[in-house]
Every structure is written in C-alpha cells, then in structure tokens.
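Novice: Just dropping this structure here.
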Amino acid sequence: MSMQTDILRERSFVEAAIWRNRLLLTIVGIQLLTAVSLSIFTGTPFWFGAAIILLSLLKQLLLIMALLLVVWRFLFGLLYVRPEKPIRWLLSDLRSFVLTPDKMTDGLISFVAIAVMATSFVYLKYMIPLLNPFSWDPQFASLDLWLHGGVEPWRLLWPTTGNLIVTKILDFAYVVWFFLIYFCAFFAAFDRRQSSQGLVFLVAFALTWFVGGNVLATLFSSVGPVYFEAFGFGEDFAFQMKALRELGTHTQIWALNAQQMLLEGHTTNGELRGISAMPSMHVATSVTMALFGFTYRRWLGWSLTVFAVLILLGSVHLGWHYAVDGYASIAIALIIWWASKGLVARFGPHSDRPETPSQFG
C-alpha cells in the first residue's frame, strides 16, 4: 500500500509539473513536430552532427550551471543578505529554489524542454537553404545603406571598434553569450519561487528561437556580410572582412574561426553547419535576457542591457549580421516578451487545476 501511495505521489508531482509548464511544452512540441514532419517529408535525417554536439555540450554544462547557481546565491547572500550563518542561509535559500520535489520536477521538465527546443532549432536552421535558398542579402545591404545615410554601418563603427582591444571584447562577448543564455534558461527553469517570472522567460526564449530563428529566418533567408562574396552577392564586404583578418594576424579572433567552420560545413555537409543572418538570434536572445534581468534587479537588467549592446555592435563589426538584422531582432524580442507575458497570464501555472500532490487524491 505504501509503495502504491509513493507511486501515485510521484505521478502526481509529474502531472502537476506538466500542467504548470503546459504552455512551454506546447510551444516546444509544435517546433519538434514541425522538425520531425519536415524530416520525414524531405527524407533529411533529424539527427546530425551539430544537434548531437549541442546536446552533449548542454549535458556537460548542466553541472557547471548548477555550481554557478550555488556560487551566485552564496555571493548574493554575503553581499546583500549578510546572514549570521551563511551556510545555513544558503541551504535554506537553495531549498526555496529547487530542493523540493515539485520544484525539482518543474526544473527538470523545463530544462529538458529547452534542450529539445535547441535540437529542433538546429535542424530547422540547417533546412533553411533547402526550403528557401539564400536571396535577401542584397536587399538587407541596401536597406543598411539607406538607413545610415549611404554609409555601411561597419564603417561608422570602425573608428571605435577597429582596434585589437575593442574587437577582442566584442569577440569575447559573442563567446560568453552561449554560456549566458543557457545559464539564464537553467536559472529560470529551477528558480520557481515566483513561477510565472521564470516561465515568462522560458516561453519568450522558446518562441524567439522558433518564430525568429526558424520561421522568420526561413522567410528572409540570408547569409550575412561575412558570406556575401562567397555566396555570389558581390564584393561589398570584402574590405571589411580583409580588415578583420588583418586584425586576426595580431590576435586570435574566435569569430573568424567559427565563420570558416560554418562555411566549410555548409559546402561539405559537415557536422557544424547552419548559416542564417536575419534575424540575429544573438541580439534577440540578449534583449530577452535583459528583460528577464529587470524582473529581478534593476542593476542586473542594465548590466544585461549593456551586454546586449555589445552583442549588437559585435554582430555588425565581426561581419555576422547587417545592422537591420539587429534592429529587427530587438523589435522581435520586445514583441515576443510582451506576448509571452500575456500567454503566461492566460495559460500559466495559476489555473483552476490542482498543483500540489496532496490535491490529486
């Protein structure tokens, strides 16, 4: 009888967690269904090198993220709470985060959903040129000129960014971005003290990747300035890339290596591939992180806003994106954040269905 009760209780925890996260799971499910259906229809394998590498990396990062969360909360306690017994406070604080069955279940379901979302995203991004060949680059390059008084945006930035120190800062920000977005996703998944707060970020995060990174990226299929010449659009950005490569002879610029790997992967069907420019997911997700930061602390929101500005500048300076990619991404992120708040208010964890195991009978 006791074993049966335990099984029912565990099932109740899972059922309640699925219900609380049904909005996120629905969005991720639609994206996954789209990817799998496309895979079946086109005969293109859903699993390929980039997806496998991403999942393996996320698995390795999981422990690091957990340790970072503990360190961050400990430092927060020392600097702001200043308890008499820091270790006891930390344990109590962590219990309020995740160390209860319902919160742990919520966190695991949410983070697994984000991992599934990332896998589907990578596949759909790989399919972009097969569904809609790259063609929008000349239009975006012309729009950049029109918006910036007939001058290419990278030339406007070059007097400030065209040196080793600033270039390294922007290049490093692009690297940090990957770890930061998944740490924010991890934090939102497991910090359930205010369940709607984290869920808004997770829903906005998933929608931004799916709507922006898959749907809109396919409609406005483009490669970005770095690949402008390689894909036969002309030599408009040849001087910019030559100038960046010249800087690269004096210091390592990770963006140049990544750009070369993606181009080789595209041309040889290698493991790492998936070129796309409009919209910039680096910019869009950085804006989403800044909005998320403001829901906790003003200083955190402004710090992440500065980071988003660095990403926007780096996206142009390093040749990844046209300026209009970034502008569009900011608008997309703001609209999706607003929509996500409305969706969570309507379909979020607060409903007339019981949420605690004891209410399931």
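Every chain in the structure tokens takes a letter, A first, then B, and so on in the order presented; its residues are numbered from 1, and the ligands are numbered from 1 following the presented order.
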Would you tabulate, counting only C-alpha atoms, all residues of range 107-186 of chain A that have an atom at most 10 Å from an atom of range 316-337 of chain A, showing the closest pair of atoms and their distance in Å to one decimal, sorted by chain then ascending number, as CSV?

Specialist:
```
residue,atom,partner,partner_atom,distance
A:Asp137,CA,A:Tyr322,CA,8.7
A:Phe140,CA,A:Tyr322,CA,6.8
A:Ala141,CA,A:Tyr322,CA,6.7
A:Ser142,CA,A:Tyr322,CA,9.9
A:Leu143,CA,A:Val324,CA,7.4
A:Asp144,CA,A:Val324,CA,6.2
A:Leu145,CA,A:Ala323,CA,9.6
A:Leu147,CA,A:Val324,CA,8.6
A:His148,CA,A:Ala323,CA,9.4
A:Glu152,CA,A:Ala323,CA,9.0
A:Pro153,CA,A:Ala323,CA,6.6
A:Trp154,CA,A:His317,CA,5.5
A:Arg155,CA,A:His317,CA,8.7
A:Leu156,CA,A:His317,CA,9.7
A:Leu157,CA,A:His317,CA,7.0
A:Trp158,CA,A:His317,CA,7.4
A:Thr161,CA,A:His317,CA,7.1
A:Gly162,CA,A:His317,CA,8.0
A:Val166,CA,A:His317,CA,10.0
A:Thr167,CA,A:Leu318,CA,7.9
A:Leu170,CA,A:Leu318,CA,8.1
A:Asp171,CA,A:Leu318,CA,7.5
A:Tyr174,CA,A:Leu318,CA,9.7
```

Novice: Taking the DSSP secondary structure from the backbone, can you list the residues of range 80-324 of chain A that are alpha helix (DSSP H), as number ranges by chain?

Specialist: A: 86-97, 101-126, 128-131, 137-147, 153-161, 164-190, 195-207, 217-219, 238-248, 254-268, 281-294, 298-317, 323-324

Novice: May I have the residues within 9 Å of Val203 in chain A as a list of chain:residue names, using only C-alpha atoms and disregarding those fewer than 4 positions away in the same chain?

Specialist: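 The residues satisfying every condition are A:Leu23, A:Leu24, A:Ile27, A:Gly198, A:Leu199, A:Leu207, A:Thr208, A:Ile336, A:Trp337, A:Ser340, A:Lys341, A:Leu343, A:Val344.
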
Novice: Would you compute the distance between CA of Leu247 in chain A and CA of Ile165 in chain A? Give it in Å to one decimal.

Specialist: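 If I compute the distance from CA of Leu247 in chain A to CA of Ile165 in chain A, I get 10.2 Å.
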
Novice: Point out the residue among A:Leu180, A:Leu313, A:Leu25, A:Leu262 with the least atom-to-atom distance to Ala115 in chain A, counting only C-alpha atoms.

Specialist: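 Closest residue, counting only C-alpha atoms: A:Leu25.
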
Novice: Fewer than 3 positions away in the same chain doesn't count, so skip those; otherwise give me all residues within 12 Å of Pro133 in chain A, counting only C-alpha atoms, as a compact mmCIF listing (two decimals) with N, CA, C and O atoms, in the first residue's frame.

Specialist:
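Saved as around01.txt:
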```
# COMPACT_ATOMS: atom_id res chain seq x y z
N TYR A 126 19.31 24.27 -40.20
CA TYR A 126 20.03 23.57 -41.26
C TYR A 126 19.20 23.47 -42.53
O TYR A 126 19.72 23.51 -43.65
N MET A 127 17.87 23.40 -42.38
CA MET A 127 16.99 23.22 -43.53
C MET A 127 16.68 24.51 -44.28
O MET A 127 16.08 24.47 -45.35
N ILE A 128 17.08 25.65 -43.74
CA ILE A 128 16.70 26.94 -44.35
C ILE A 128 17.03 27.02 -45.84
O ILE A 128 16.15 27.31 -46.65
N PRO A 129 18.29 26.80 -46.26
CA PRO A 129 18.58 26.95 -47.69
C PRO A 129 17.89 25.91 -48.57
O PRO A 129 17.72 26.15 -49.78
N LEU A 130 17.50 24.78 -47.99
CA LEU A 130 16.78 23.78 -48.77
C LEU A 130 15.33 24.19 -48.99
O LEU A 130 14.74 23.87 -50.03
N TRP A 136 18.10 37.20 -49.75
CA TRP A 136 17.73 38.51 -49.23
C TRP A 136 18.91 39.42 -48.93
O TRP A 136 18.71 40.60 -48.58
N ASP A 137 20.12 38.95 -49.08
CA ASP A 137 21.27 39.75 -48.66
C ASP A 137 21.41 41.08 -49.40
O ASP A 137 21.67 42.10 -48.75
N ALA A 217 13.60 33.39 -40.08
CA ALA A 217 14.90 33.16 -40.73
C ALA A 217 14.73 32.42 -42.06
O ALA A 217 15.50 32.64 -43.00
N THR A 218 13.73 31.56 -42.14
CA THR A 218 13.47 30.85 -43.40
C THR A 218 12.82 31.78 -44.41
O THR A 218 13.17 31.76 -45.60
N LEU A 219 11.88 32.61 -43.96
CA LEU A 219 11.21 33.55 -44.87
C LEU A 219 12.19 34.56 -45.43
O LEU A 219 12.13 34.92 -46.61
N PHE A 220 13.10 35.06 -44.59
CA PHE A 220 14.08 36.08 -45.01
C PHE A 220 15.47 35.46 -45.08
O PHE A 220 16.44 35.96 -44.48
N SER A 221 15.57 34.39 -45.83
CA SER A 221 16.78 33.59 -45.91
C SER A 221 17.97 34.43 -46.38
O SER A 221 17.97 34.99 -47.48
N SER A 222 19.00 34.52 -45.52
CA SER A 222 20.17 35.35 -45.84
C SER A 222 21.39 34.80 -45.10
O SER A 222 21.26 34.04 -44.14
N VAL A 223 22.56 35.23 -45.56
CA VAL A 223 23.81 34.67 -45.03
C VAL A 223 24.63 35.64 -44.21
O VAL A 223 25.49 35.23 -43.42
N PHE A 231 28.76 33.62 -51.41
CA PHE A 231 27.51 33.14 -51.99
C PHE A 231 27.11 33.92 -53.24
O PHE A 231 25.96 33.84 -53.68
N ILE A 275 23.88 28.22 -41.62
CA ILE A 275 24.12 29.64 -41.80
C ILE A 275 22.79 30.38 -41.87
O ILE A 275 21.87 29.94 -42.56
N SER A 276 22.70 31.51 -41.16
CA SER A 276 21.48 32.32 -41.19
C SER A 276 21.80 33.67 -40.58
O SER A 276 22.50 33.75 -39.57
```

Novice: In Å to one decimal, how far is CA of Val28 in chain A from CA of Thr119 in chain A?

Specialist: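 Going from CA of Thr119 in chain A over to CA of Val28 in chain A, I get 10.3 Å.
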
Novice: One decimal, in Å: what's the spacing between CA of Ser303 in chain A and CA of Thr160 in chain A?

Specialist: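 A separation of 20.9 Å between them.
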
Novice: May I ask which of the residues A:Tyr182, A:Trp72, A:Trp177, A:Phe41 is the closest one to Leu310 in chain A, counting only C-alpha atoms?

Specialist: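 Selected residue with least distance to Leu310 in chain A: A:Trp177.
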